[in-house]
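**Q** This is the structure I have questions about; it appears just below.
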Amino acid sequence: MDDRGNARGYYGEFGGSFIPEILVATFDELTAAFSEAKADPEFWARYAELMSTYSCRPTPLTFCERLTKHFGGAQIYVKREDLNHTGAHKANNVMGQGLLVQRMGKTRVIAETGAGQHGVATATMAAKFGFDCTIYMGEIDVERQRPNVFWMERLGATVVAVTDGTRILKDAINEAFRDWVTSMDDTHYVLGTACGPHPFPEMVSYFQSIIGSEARDQIRAQTGALPKRIYACVGGGSNAMGIFSAFLDDSEVELIGVEAGGRGLETGEHASRLACGDASVGVAQGYKTYFLQTDDGQMRETHSVAAGLDYVGVSPILANLRDEGRVRFESATDREVIDALALTLKMEGLVPALESTHAFVQAFKEAPNLSPDDVIIINQSGRGDKDIFTVADAFEDPKWREFIKRKAEEYDAGA
Amino acid sequence: MLAHDLRMMRQEKEILLMTHIVLGYPNFDDCLRVIEGMVEAGVDLMELQIPFSEPIADGPVILRANQSSLAAGATVDQCLEFAESVTRRFDIPFLFMSYYNILFKYGVEAFSQKMSQIGMAGAIVPDLPPEEAGAYLAAMARYGLAPIFIYSPNTPETRMRMIADSADGFIYCVARKGVTGAGTEFSTDLEAYLARCRAATDLPLALGFGVKDKDDVDFLRGRVDIAVIGTQTIRVVEQQGVGAVGEFISRLR
């Protein structure tokens with residue numbers, strides 16, 4: 001897929017590199033390092049080796065027998081990115097960029113994080129490679145993802161709560177850029193998704209393409225055919241690009257991206273850029289794509305129960321694939337996500353992250369209408385343990401609430 | 001045109017002063033009083049920043065000014081109307097500074113036409129490198145406006161010349177790495193960098209990022225044509241009030 005963008009990182013009219021002059025030399029250096037690495041067969045071999053010895057690649061492709069029976073339609077398979085080290089597909093991108101940082105001889109990494117998965121993955125990579133690490137995270141996300149903040153700090157990273165703007169993912173990205181314009185001599189910005197200025201969309205998709213190449217081999221080995229449809233949640237778009245990329249040329253495979261419908265598209269409180277008409281083309285955070293913005297071009301507030309999908313922009317590669325008609329976009333509401341999570345837990349013993357569960361929602365809507373001969377794949381981009389506080393609240397679990405109260409009393413008594 | 005005007009102004013003064021305000025911060029009335037104070041105190045040209053929700057090249061002071069202005073409801077149309085009233089009243093060149101999305105959403109052609117109608121001299125768009133600026137450059141040229149581009153200390157000489165080919169009015173030299181509002185060391189390194197800038201273009205040179213007092217302006221005299229005082233004037237307003245701006249500017253030169 002990586003030859004589909006042009007030299008300035010344009011995919012159709014989307015992408016590009018809208019960066020302050022001070023960063024131009026840094027992006028030139030990164031683009032050159034990435035091109036050299038890609039051309040070096042040993043680099044990918046080293047990457048694959050690292051992912052198979054430090055993470056759990058290849059991740060399994062799981063047949064969901066009970067869910068398949070329950071819906072009585074297509075055979076449902078799940079690609080298990082939740083079994084990566086640190087619990088999400090984010091590890092694929094981060095370890096790849098870590099190897100690039102080594103090649104470039106830099107000693108410090110910075111990253112933004114929304115759900116905290118990318119932050120934890122980056123902090124883990126930094127610990128393994130011996131890099132200094134600073135993670136920028138919106139103050140609201142720090143509140144809702146405390147367990148991940150705990151782990152990042154234990155892994156040795158400095159976590160900076162971003163108090164400016166809307167205090168979520170996009171503000172963390174702005175703050176990471178502000179760090180980078182000062183620190184680029186020794187620092188690499190490990191952007192977490194297939195967004196941002198060229199070469200990030202291409203580079204992140206390149207490392208994530210390991211998901212799709214495995215899934216393609218696995219589904220053919222297990223079912224003897226290609227799948228009818230593939231579902232992936234879309235925040236920035238990296239897990240979707242990862243699994244879609246191996247199937248882009250298989251026109252019989254329908255690719256479906258599922259965005260955050262939040263409290264419902266009609267409420268305006270969502271993060272659906274491509275699944276509805278609320279977004280328009282703009283330029284922000286260094287690239288051109290569809291943004292949820294006002295007529296003046298100011299970015300709007302977004303909402304999702306899943307912090308990792310709560311973002312104003314979307315991968316320029318996916319924006320182009322949508323406009324070309326190659327990828328269909330749908331949305332799932334917070335409520336639908338909680339219901340699908342409850343079902344998946346009880347019927348398969350799988351614990352998808354709230355982000356990933358968006359893909360399950362759409363697959364569950366469509367599976368009953370497909371034939372038992374059809375095969376579909378859901379990309380479970382991450383695991384849901386990190387969401388225990390949000391999920392427990394959504395399930396209104398009284399025993400959990402009692403436990404937290406008792407825990408708080410213990411801390412109070414000890415203080 | 002702007003470059004010519006600046007050269008004429010330089011024949012009267014050894015160094016020109018450019019200041020920066022964020023439109024609508026703390027409100028439009030105070031913006032007008034600040035401009036009044038600045039022009040009376042001898043400021044030679046001004047940047048009017050149209051606030052944007054994602055100002056990635058700005059440091060905390062200007063970032064918060066952008067947010068505060070937007071939170072109070074400032075719109076692009078209001079900024080354009082305000083700018084028109086200002087260019088009518090004060091006889092110095094005014095530039096817009098904003099991020100590309102503001103122009104892109106308005107329509108680059110329509111925005112340039114509007115700038116020309118309301119008497120603006122040019123624009124600074126820090127997230128628009130020349131490579132992405134085709135439509136913008138064509139529109140700015142059509143309306144006789146100056147597209148200001150930026151040099152930074154790590155810009156190679158070949159790139160400096162390429163940028164100069166796209167630019168008009170003057171070149172804005174960023175003094176150091178980082179965002180607006182942090183300290184700058186006025187040193188021999190800076191002197192060498194400015195000499196490289198001077199060699200790469202015949203356009204007037206401005207230097208900004210970290211210029212805060214008379215010593216800094218004195219250092220720049222003879223080395224650049226324009227000293228840019230951005231964040232520091234916003235700090236003066238925040239800490240000492242609108243009335244203190246005139247005196248602050250008068251002491252700089």
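Chain labels run A, B, ... following the order of the structure tokens; each chain numbers its residues from 1, and ligands are numbered from 1 in the order shown.
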Show me, as a ChimeraX atom specification, the residues of chain B whose atoms get within 7 Å of chain A, using only C-alpha atoms for the distance check.

**A** /B:52-54,56-57,67,75-76,100-102,104-106,126-129,150-152,154-155,177-179

**Q** Those same residues, written as an mmCIF file, in the first residue's frame with N, CA and C atoms?

**A**
```
data_model
loop_
_atom_site.group_PDB
_atom_site.id
_atom_site.type_symbol
_atom_site.label_atom_id
_atom_site.label_comp_id
_atom_site.auth_asym_id
_atom_site.auth_seq_id
_atom_site.Cartn_x
_atom_site.Cartn_y
_atom_site.Cartn_z
ATOM 1 N N PHE B 52 -7.055 30.715 16.136
ATOM 2 C CA PHE B 52 -7.308 29.364 15.619
ATOM 3 C C PHE B 52 -7.267 28.406 16.805
ATOM 4 N N SER B 53 -8.076 27.369 16.720
ATOM 5 C CA SER B 53 -8.169 26.437 17.852
ATOM 6 C C SER B 53 -6.931 25.559 18.022
ATOM 7 N N GLU B 54 -6.099 25.434 16.974
ATOM 8 C CA GLU B 54 -4.925 24.540 17.054
ATOM 9 C C GLU B 54 -3.635 25.271 16.678
ATOM 10 N N ILE B 56 -0.313 25.416 16.557
ATOM 11 C CA ILE B 56 0.804 24.554 16.961
ATOM 12 C C ILE B 56 2.159 25.258 17.024
ATOM 13 N N ALA B 57 2.294 26.409 16.356
ATOM 14 C CA ALA B 57 3.612 27.065 16.396
ATOM 15 C C ALA B 57 3.711 28.069 17.542
ATOM 16 N N GLN B 67 -7.255 30.844 22.586
ATOM 17 C CA GLN B 67 -8.387 30.133 23.205
ATOM 18 C C GLN B 67 -9.367 31.085 23.844
ATOM 19 N N THR B 75 -15.152 35.567 15.780
ATOM 20 C CA THR B 75 -15.295 34.860 14.506
ATOM 21 C C THR B 75 -14.350 35.471 13.479
ATOM 22 N N VAL B 76 -14.148 34.742 12.381
ATOM 23 C CA VAL B 76 -13.285 35.252 11.318
ATOM 24 C C VAL B 76 -13.888 36.539 10.740
ATOM 25 N N TYR B 100 -3.246 27.974 8.370
ATOM 26 C CA TYR B 100 -3.768 27.818 7.021
ATOM 27 C C TYR B 100 -5.242 27.451 6.982
ATOM 28 N N ASN B 101 -5.729 26.719 7.978
ATOM 29 C CA ASN B 101 -7.123 26.275 7.912
ATOM 30 C C ASN B 101 -8.113 27.448 7.859
ATOM 31 N N ILE B 102 -7.749 28.551 8.507
ATOM 32 C CA ILE B 102 -8.626 29.726 8.500
ATOM 33 C C ILE B 102 -8.796 30.236 7.064
ATOM 34 N N PHE B 104 -8.073 28.450 4.302
ATOM 35 C CA PHE B 104 -8.573 27.351 3.482
ATOM 36 C C PHE B 104 -10.095 27.255 3.572
ATOM 37 N N LYS B 105 -10.623 27.370 4.799
ATOM 38 C CA LYS B 105 -12.074 27.247 4.972
ATOM 39 C C LYS B 105 -12.810 28.456 4.398
ATOM 40 N N TYR B 106 -12.190 29.624 4.475
ATOM 41 C CA TYR B 106 -12.802 30.829 3.918
ATOM 42 C C TYR B 106 -12.765 30.785 2.395
ATOM 43 N N PRO B 126 2.166 30.338 9.404
ATOM 44 C CA PRO B 126 3.341 29.543 9.795
ATOM 45 C C PRO B 126 3.248 28.053 9.491
ATOM 46 N N ASP B 127 2.045 27.531 9.248
ATOM 47 C CA ASP B 127 1.973 26.100 8.932
ATOM 48 C C ASP B 127 1.785 25.862 7.429
ATOM 49 N N LEU B 128 2.141 26.860 6.634
ATOM 50 C CA LEU B 128 2.029 26.694 5.180
ATOM 51 C C LEU B 128 3.404 26.862 4.532
ATOM 52 N N PRO B 129 4.138 25.746 4.328
ATOM 53 C CA PRO B 129 5.432 25.860 3.654
ATOM 54 C C PRO B 129 5.218 26.138 2.162
ATOM 55 N N ILE B 150 8.990 32.085 6.297
ATOM 56 C CA ILE B 150 9.808 32.010 7.508
ATOM 57 C C ILE B 150 11.118 31.274 7.253
ATOM 58 N N TYR B 151 12.199 31.793 7.844
ATOM 59 C CA TYR B 151 13.473 31.072 7.922
ATOM 60 C C TYR B 151 13.651 30.604 9.361
ATOM 61 N N SER B 152 14.288 29.451 9.519
ATOM 62 C CA SER B 152 14.658 29.047 10.872
ATOM 63 C C SER B 152 16.134 28.696 10.877
ATOM 64 N N ASN B 154 17.756 26.142 11.295
ATOM 65 C CA ASN B 154 18.176 24.901 10.636
ATOM 66 C C ASN B 154 17.748 24.841 9.164
ATOM 67 N N THR B 155 17.306 25.962 8.613
ATOM 68 C CA THR B 155 16.979 25.981 7.177
ATOM 69 C C THR B 155 18.276 26.039 6.366
ATOM 70 N N LYS B 177 15.018 27.542 17.867
ATOM 71 C CA LYS B 177 14.043 26.451 17.888
ATOM 72 C C LYS B 177 12.934 26.798 18.882
ATOM 73 N N GLY B 178 11.863 26.013 18.825
ATOM 74 C CA GLY B 178 10.829 26.179 19.838
ATOM 75 C C GLY B 178 9.652 26.981 19.350
ATOM 76 N N VAL B 179 8.777 27.316 20.299
ATOM 77 C CA VAL B 179 7.569 28.056 19.983
ATOM 78 C C VAL B 179 7.730 29.498 20.437
#
```

**Q** Contacts of Ala110 (chain B) at 12 Å or less, counting only C-alpha atoms, minus same-chain residues fewer than 6 places along, as a PyMOL selection string?

**A** chain B and resi 102-104+116-117+135-136+139-140+142-143

**Q** Name the residues in contact with Thr233 (chain B) at a cut-off of 10 Å, using only C-alpha atoms, excluding same-chain residues fewer than 4 positions from it; report them as a list in words.

**A**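 Returned residues: Thr19, His20, Ile21, Val34, Met38, Lys212, Ile229, Val237, Glu238, Gln239, Val242, Ala244, Val245, Gly246, Phe248 and Ile249 of chain B.
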
**Q** Please produce a file of the residues just selected, as an mmCIF file, in the first residue's frame, where the atoms kept are C-alpha atoms.

**A**
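Saved result, again24.cif, follows:
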```cif
data_model
loop_
_atom_site.group_PDB
_atom_site.id
_atom_site.type_symbol
_atom_site.label_atom_id
_atom_site.label_comp_id
_atom_site.auth_asym_id
_atom_site.auth_seq_id
_atom_site.Cartn_x
_atom_site.Cartn_y
_atom_site.Cartn_z
ATOM 1 C CA THR B 19 4.248 43.969 17.063
ATOM 2 C CA HIS B 20 1.739 41.159 17.317
ATOM 3 C CA ILE B 21 -1.726 40.997 18.830
ATOM 4 C CA VAL B 34 -3.588 48.564 22.206
ATOM 5 C CA MET B 38 1.371 51.092 19.717
ATOM 6 C CA LYS B 212 11.657 41.489 24.660
ATOM 7 C CA ILE B 229 7.988 41.936 19.545
ATOM 8 C CA VAL B 237 -0.994 44.097 28.513
ATOM 9 C CA GLU B 238 -1.795 41.148 30.761
ATOM 10 C CA GLN B 239 0.427 42.324 33.611
ATOM 11 C CA VAL B 242 -3.610 48.368 28.036
ATOM 12 C CA ALA B 244 1.272 50.466 29.590
ATOM 13 C CA VAL B 245 1.800 49.412 25.972
ATOM 14 C CA GLY B 246 2.768 52.832 24.596
ATOM 15 C CA PHE B 248 6.837 49.872 26.704
ATOM 16 C CA ILE B 249 7.147 50.392 22.946
#
```

**Q** Residues at most 6 Å from region 70-79 of chain A, counting only C-alpha atoms, excluding those fewer than 5 positions away in the same chain, as a compact mmCIF listing (two decimals) with C-alpha atoms, in the first residue's frame?

**A**
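Listed below is the output, part-v1.txt:
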```txt
# COMPACT_ATOMS: atom_id res chain seq x y z
CA LEU A 61 -7.28 -15.38 14.40
CA THR A 62 -10.08 -16.72 16.61
CA PHE A 63 -13.28 -18.33 15.33
CA CYS A 64 -16.24 -17.19 17.44
CA ALA A 367 -23.84 -10.78 10.40
CA PRO A 368 -27.47 -12.02 10.56
CA LEU A 370 -25.15 -12.72 5.58
CA SER A 371 -25.05 -16.38 4.54
CA PRO A 372 -23.49 -19.09 6.78
CA ASP A 374 -19.76 -16.03 4.34
CA VAL A 375 -16.81 -15.26 6.57
CA ILE A 376 -16.22 -11.94 8.29
CA ILE A 377 -13.27 -10.68 10.32
CA ILE A 378 -13.45 -8.20 13.18
CA ASN A 379 -10.19 -6.54 14.18
CA GLN A 380 -10.02 -6.59 17.96
```

**Q** Quick one: DSSP strand (DSSP E or B) residues in region 83-217 of chain A, as a list of chain:residue names?

**A**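 In region 83-217 of chain A, DSSP puts these residues in strand (DSSP E or B): A:Ala88, A:Arg108, A:Val109, A:Ile110, A:Ala111, A:Glu112, A:Thr113, A:Asp132, A:Cys133, A:Thr134, A:Ile135, A:Tyr136, A:Met137, A:Gly138, A:Thr158, A:Val159, A:Val160, A:Ala161, A:Val162, A:Thr187, A:His188, A:Tyr189.
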
**Q** Those residues you just picked out, can you put them in a file as a PDB file, in the first residue's frame with N, CA and C atoms?

**A**
```pdb
ATOM      1  N   ALA A  88      -2.517  -3.994  22.834  1.00  0.00           N
ATOM      2  CA  ALA A  88      -3.184  -3.384  21.678  1.00  0.00           C
ATOM      3  C   ALA A  88      -2.247  -3.366  20.475  1.00  0.00           C
ATOM      4  N   ARG A 108      15.762  10.183  22.858  1.00  0.00           N
ATOM      5  CA  ARG A 108      14.555  10.515  23.621  1.00  0.00           C
ATOM      6  C   ARG A 108      13.344  10.389  22.700  1.00  0.00           C
ATOM      7  N   VAL A 109      12.234   9.879  23.253  1.00  0.00           N
ATOM      8  CA  VAL A 109      11.000   9.805  22.477  1.00  0.00           C
ATOM      9  C   VAL A 109       9.887  10.540  23.217  1.00  0.00           C
ATOM     10  N   ILE A 110       8.997  11.135  22.432  1.00  0.00           N
ATOM     11  CA  ILE A 110       7.794  11.761  22.989  1.00  0.00           C
ATOM     12  C   ILE A 110       6.602  11.194  22.229  1.00  0.00           C
ATOM     13  N   ALA A 111       5.453  11.221  22.873  1.00  0.00           N
ATOM     14  CA  ALA A 111       4.249  10.733  22.195  1.00  0.00           C
ATOM     15  C   ALA A 111       3.030  11.398  22.810  1.00  0.00           C
ATOM     16  N   GLU A 112       1.955  11.442  21.998  1.00  0.00           N
ATOM     17  CA  GLU A 112       0.646  11.821  22.502  1.00  0.00           C
ATOM     18  C   GLU A 112      -0.107  10.545  22.828  1.00  0.00           C
ATOM     19  N   THR A 113      -1.085  10.635  23.704  1.00  0.00           N
ATOM     20  CA  THR A 113      -1.933   9.466  23.867  1.00  0.00           C
ATOM     21  C   THR A 113      -3.352   9.893  24.216  1.00  0.00           C
ATOM     22  N   ASP A 132      14.870   8.067  26.928  1.00  0.00           N
ATOM     23  CA  ASP A 132      14.052   8.932  27.782  1.00  0.00           C
ATOM     24  C   ASP A 132      12.685   9.074  27.125  1.00  0.00           C
ATOM     25  N   CYS A 133      11.655   9.312  27.926  1.00  0.00           N
ATOM     26  CA  CYS A 133      10.308   9.288  27.366  1.00  0.00           C
ATOM     27  C   CYS A 133       9.384  10.285  28.061  1.00  0.00           C
ATOM     28  N   THR A 134       8.714  11.115  27.265  1.00  0.00           N
ATOM     29  CA  THR A 134       7.680  12.015  27.795  1.00  0.00           C
ATOM     30  C   THR A 134       6.387  11.768  27.026  1.00  0.00           C
ATOM     31  N   ILE A 135       5.291  11.602  27.751  1.00  0.00           N
ATOM     32  CA  ILE A 135       3.993  11.340  27.128  1.00  0.00           C
ATOM     33  C   ILE A 135       3.055  12.513  27.402  1.00  0.00           C
ATOM     34  N   TYR A 136       2.451  13.044  26.350  1.00  0.00           N
ATOM     35  CA  TYR A 136       1.456  14.110  26.492  1.00  0.00           C
ATOM     36  C   TYR A 136       0.062  13.506  26.414  1.00  0.00           C
ATOM     37  N   MET A 137      -0.770  13.895  27.371  1.00  0.00           N
ATOM     38  CA  MET A 137      -2.103  13.300  27.481  1.00  0.00           C
ATOM     39  C   MET A 137      -3.071  14.373  27.950  1.00  0.00           C
ATOM     40  N   GLY A 138      -4.199  14.519  27.263  1.00  0.00           N
ATOM     41  CA  GLY A 138      -5.192  15.507  27.672  1.00  0.00           C
ATOM     42  C   GLY A 138      -5.651  15.254  29.100  1.00  0.00           C
ATOM     43  N   THR A 158       7.673  10.320  31.812  1.00  0.00           N
ATOM     44  CA  THR A 158       7.055  11.497  32.402  1.00  0.00           C
ATOM     45  C   THR A 158       5.727  11.717  31.686  1.00  0.00           C
ATOM     46  N   VAL A 159       4.643  11.779  32.434  1.00  0.00           N
ATOM     47  CA  VAL A 159       3.334  12.005  31.820  1.00  0.00           C
ATOM     48  C   VAL A 159       2.929  13.453  32.071  1.00  0.00           C
ATOM     49  N   VAL A 160       2.698  14.209  30.985  1.00  0.00           N
ATOM     50  CA  VAL A 160       2.300  15.609  31.105  1.00  0.00           C
ATOM     51  C   VAL A 160       0.805  15.712  30.790  1.00  0.00           C
ATOM     52  N   ALA A 161       0.020  16.152  31.771  1.00  0.00           N
ATOM     53  CA  ALA A 161      -1.418  16.353  31.547  1.00  0.00           C
ATOM     54  C   ALA A 161      -1.607  17.687  30.835  1.00  0.00           C
ATOM     55  N   VAL A 162      -2.217  17.654  29.654  1.00  0.00           N
ATOM     56  CA  VAL A 162      -2.378  18.860  28.838  1.00  0.00           C
ATOM     57  C   VAL A 162      -3.680  19.553  29.239  1.00  0.00           C
ATOM     58  N   THR A 187      15.436  14.100  19.867  1.00  0.00           N
ATOM     59  CA  THR A 187      14.128  13.525  20.181  1.00  0.00           C
ATOM     60  C   THR A 187      13.371  13.124  18.927  1.00  0.00           C
ATOM     61  N   HIS A 188      12.702  11.973  18.994  1.00  0.00           N
ATOM     62  CA  HIS A 188      11.776  11.557  17.934  1.00  0.00           C
ATOM     63  C   HIS A 188      10.355  11.583  18.484  1.00  0.00           C
ATOM     64  N   TYR A 189       9.441  12.106  17.675  1.00  0.00           N
ATOM     65  CA  TYR A 189       8.038  12.112  18.054  1.00  0.00           C
ATOM     66  C   TYR A 189       7.390  10.838  17.497  1.00  0.00           C
TER      67      TYR A 189
END
```

**Q** Considering only helix (DSSP H, G or I) as DSSP defines it on the backbone, what residues of region 199-404 of chain A qualify? List them as a ChimeraX atom specification.

**A** /A:200-223,238-247,265-267,307-309,316-323,334-348,354-369,385-395,398-404

**Q** If you keep C-alpha atoms, can you produce a file of those selected residues as a tab-separated table (two decimals), in the first residue's frame?

**A**
```
chain	number	residue	atom	x	y	z
A	200	PHE	CA	3.55	9.54	9.45
A	201	PRO	CA	0.37	8.22	7.75
A	202	GLU	CA	2.46	6.04	5.45
A	203	MET	CA	4.96	4.99	8.11
A	204	VAL	CA	2.39	4.04	10.75
A	205	SER	CA	0.36	2.13	8.15
A	206	TYR	CA	3.54	0.35	7.06
A	207	PHE	CA	4.26	-0.99	10.54
A	208	GLN	CA	0.59	-1.84	11.14
A	209	SER	CA	0.33	-3.70	7.84
A	210	ILE	CA	1.71	-6.71	9.71
A	211	ILE	CA	-1.87	-7.21	11.04
A	212	GLY	CA	-3.41	-7.57	7.59
A	213	SER	CA	-0.67	-9.71	6.09
A	214	GLU	CA	-1.04	-12.20	8.95
A	215	ALA	CA	-4.85	-12.10	8.84
A	216	ARG	CA	-4.89	-12.76	5.10
A	217	ASP	CA	-2.74	-15.89	5.46
A	218	GLN	CA	-4.67	-17.04	8.53
A	219	ILE	CA	-8.16	-16.72	7.10
A	220	ARG	CA	-7.15	-18.58	3.95
A	221	ALA	CA	-5.50	-21.32	5.98
A	222	GLN	CA	-8.49	-21.63	8.31
A	223	THR	CA	-11.38	-21.24	5.84
A	238	SER	CA	-4.05	2.92	12.31
A	239	ASN	CA	-5.59	-0.46	13.21
A	240	ALA	CA	-8.01	-0.16	10.28
A	241	MET	CA	-5.17	0.69	7.87
A	242	GLY	CA	-3.22	-2.20	9.37
A	243	ILE	CA	-5.80	-4.86	8.65
A	244	PHE	CA	-7.26	-3.29	5.46
A	245	SER	CA	-3.92	-2.81	3.71
A	246	ALA	CA	-3.47	-6.49	2.82
A	247	PHE	CA	-6.93	-6.65	1.24
A	265	LEU	CA	-25.01	11.29	15.29
A	266	GLU	CA	-28.13	13.47	15.59
A	267	THR	CA	-26.91	14.93	18.92
A	307	ALA	CA	-10.95	7.89	24.46
A	308	GLY	CA	-8.97	6.38	21.59
A	309	LEU	CA	-11.67	7.28	19.04
A	316	PRO	CA	-5.82	10.97	5.02
A	317	ILE	CA	-5.37	7.51	3.50
A	318	LEU	CA	-8.76	6.42	4.83
A	319	ALA	CA	-10.39	9.71	3.77
A	320	ASN	CA	-9.22	8.98	0.24
A	321	LEU	CA	-10.31	5.32	0.37
A	322	ARG	CA	-13.75	6.49	1.52
A	323	ASP	CA	-14.03	9.02	-1.32
A	334	ASP	CA	-21.75	4.53	23.21
A	335	ARG	CA	-24.82	2.53	24.24
A	336	GLU	CA	-24.50	0.01	21.40
A	337	VAL	CA	-20.85	-0.43	22.33
A	338	ILE	CA	-21.59	-1.28	25.96
A	339	ASP	CA	-24.26	-3.81	24.87
A	340	ALA	CA	-21.96	-5.46	22.31
A	341	LEU	CA	-19.19	-5.66	24.91
A	342	ALA	CA	-21.53	-7.41	27.38
A	343	LEU	CA	-22.51	-9.94	24.72
A	344	THR	CA	-18.95	-10.61	23.58
A	345	LEU	CA	-17.73	-11.12	27.15
A	346	LYS	CA	-20.45	-13.66	27.97
A	347	MET	CA	-20.50	-15.56	24.69
A	348	GLU	CA	-16.82	-15.74	23.79
A	354	LEU	CA	-14.27	0.00	24.06
A	355	GLU	CA	-12.57	1.33	20.90
A	356	SER	CA	-12.43	-2.12	19.29
A	357	THR	CA	-16.00	-2.91	20.38
A	358	HIS	CA	-17.23	-0.32	17.86
A	359	ALA	CA	-16.19	-2.74	15.11
A	360	PHE	CA	-18.06	-5.58	16.85
A	361	VAL	CA	-21.27	-3.48	16.92
A	362	GLN	CA	-21.36	-3.07	13.16
A	363	ALA	CA	-20.40	-6.69	12.51
A	364	PHE	CA	-23.22	-7.83	14.80
A	365	LYS	CA	-25.69	-5.62	12.89
A	366	GLU	CA	-24.68	-7.16	9.56
A	367	ALA	CA	-23.84	-10.78	10.40
A	368	PRO	CA	-27.47	-12.02	10.56
A	369	ASN	CA	-28.09	-10.80	7.01
A	385	ASP	CA	-9.05	-4.36	30.90
A	386	LYS	CA	-7.89	-0.75	30.83
A	387	ASP	CA	-11.51	0.38	30.57
A	388	ILE	CA	-12.60	-1.29	33.82
A	389	PHE	CA	-13.63	1.98	35.48
A	390	THR	CA	-15.62	3.22	32.46
A	391	VAL	CA	-17.17	-0.19	31.80
A	392	ALA	CA	-18.06	-0.76	35.46
A	393	ASP	CA	-19.84	2.61	35.49
A	394	ALA	CA	-21.66	1.81	32.24
A	395	PHE	CA	-22.77	-1.59	33.62
A	398	PRO	CA	-23.00	-2.23	42.44
A	399	LYS	CA	-20.32	-4.59	43.79
A	400	TRP	CA	-17.58	-2.69	41.95
A	401	ARG	CA	-18.88	0.57	43.38
A	402	GLU	CA	-18.78	-0.85	46.91
A	403	PHE	CA	-15.24	-2.09	46.33
A	404	ILE	CA	-14.04	1.35	45.19
```

**Q** What does the distance between CA of Thr193 (chain A) and CA of Arg176 (chain B) come to in Å, to one decimal place?

**A** 29.0 Å

**Q** Please provide as a CSV table (one decimal) with N, CA and C atoms, in the first residue's frame all residues within 7 Å of His89 (chain A), with the sequence filter that same-chain residues fewer than 2 positions apart are discarded (counting only C-alpha atoms).

**A**
```
chain,number,residue,atom,x,y,z
A,81,GLU,N,-5.5,-8.6,18.1
A,81,GLU,CA,-4.4,-7.6,18.4
A,81,GLU,C,-4.4,-7.3,19.9
A,82,ASP,N,-5.4,-7.7,20.6
A,82,ASP,CA,-5.4,-7.5,22.1
A,82,ASP,C,-4.3,-8.4,22.7
A,84,ASN,N,-1.2,-8.6,21.7
A,84,ASN,CA,0.1,-8.0,21.7
A,84,ASN,C,0.5,-7.6,23.1
A,91,ALA,N,1.4,-1.5,19.8
A,91,ALA,CA,2.8,-2.0,19.9
A,91,ALA,C,3.5,-2.1,18.6
A,92,ASN,N,2.7,-2.5,17.5
A,92,ASN,CA,3.3,-2.7,16.2
A,92,ASN,C,4.0,-1.5,15.7
A,239,ASN,N,-5.3,1.0,13.2
A,239,ASN,CA,-5.6,-0.5,13.2
A,239,ASN,C,-6.4,-0.8,12.0
A,381,SER,N,-8.7,-4.6,18.1
A,381,SER,CA,-7.4,-3.8,18.1
A,381,SER,C,-6.8,-3.8,19.5
A,382,GLY,N,-7.6,-4.0,20.6
A,382,GLY,CA,-7.0,-3.9,21.9
A,382,GLY,C,-7.9,-4.6,22.9
```
